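Working notes, beginning with the structure itself.
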Amino acid sequence: VVIDGTRYVLGKNFKLYCSTQLLGDSLPDKVVSLFSIANFEVAKEGLEEMLLGAVVDIASPELEKKRVALVREANQRTIDMQEADGILLLTLSTAEGELLDNPELVSALKT
């Protein structure tokens, strides 16, 4: 890498993080193709939830722990449902013959 005319040799694990106020779609395609872009924009609802969590954690730590556990459980159930949908769609798309005679499909439908 050359910076201000000086050449630097970087290790293979070197990572460079950049920050900009420009939106990803306003950057030139040459730049976008070189980077993994992460959007750290925060929505008002997200800030409200973070502040509420901080207040509840101070006022009632046990209640906040229960809330966090419920959120994690809900997220895990969403992931499980998405995985089940994927399995079901794959099984349906590869099924041959009568659908109800296929034990894998019937098993996927029961879960």
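Each chain in the structure tokens gets a letter, A, B and so on, in the order shown; residues start at 1 in every chain, and ligands are counted from 1 in the order they appear.
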Residues of chain A in helix (DSSP H, G or I) according to DSSP, as a PyMOL selection string?
chain A and resi 24-26+29-32+44-59+61-94+99-101+103-110
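The residue set within 10 Å of Lys65 in chain A, counting only C-alpha atoms and dropping same-chain residues fewer than 5 places from it, reads A:Gly53, A:Val56, A:Asp57, A:Ser60, A:Leu70, A:Val71.
Rounded to one decimal, CA of Leu105 in chain A and CA of Leu89 in chain A lie 9.5 Å from each other.
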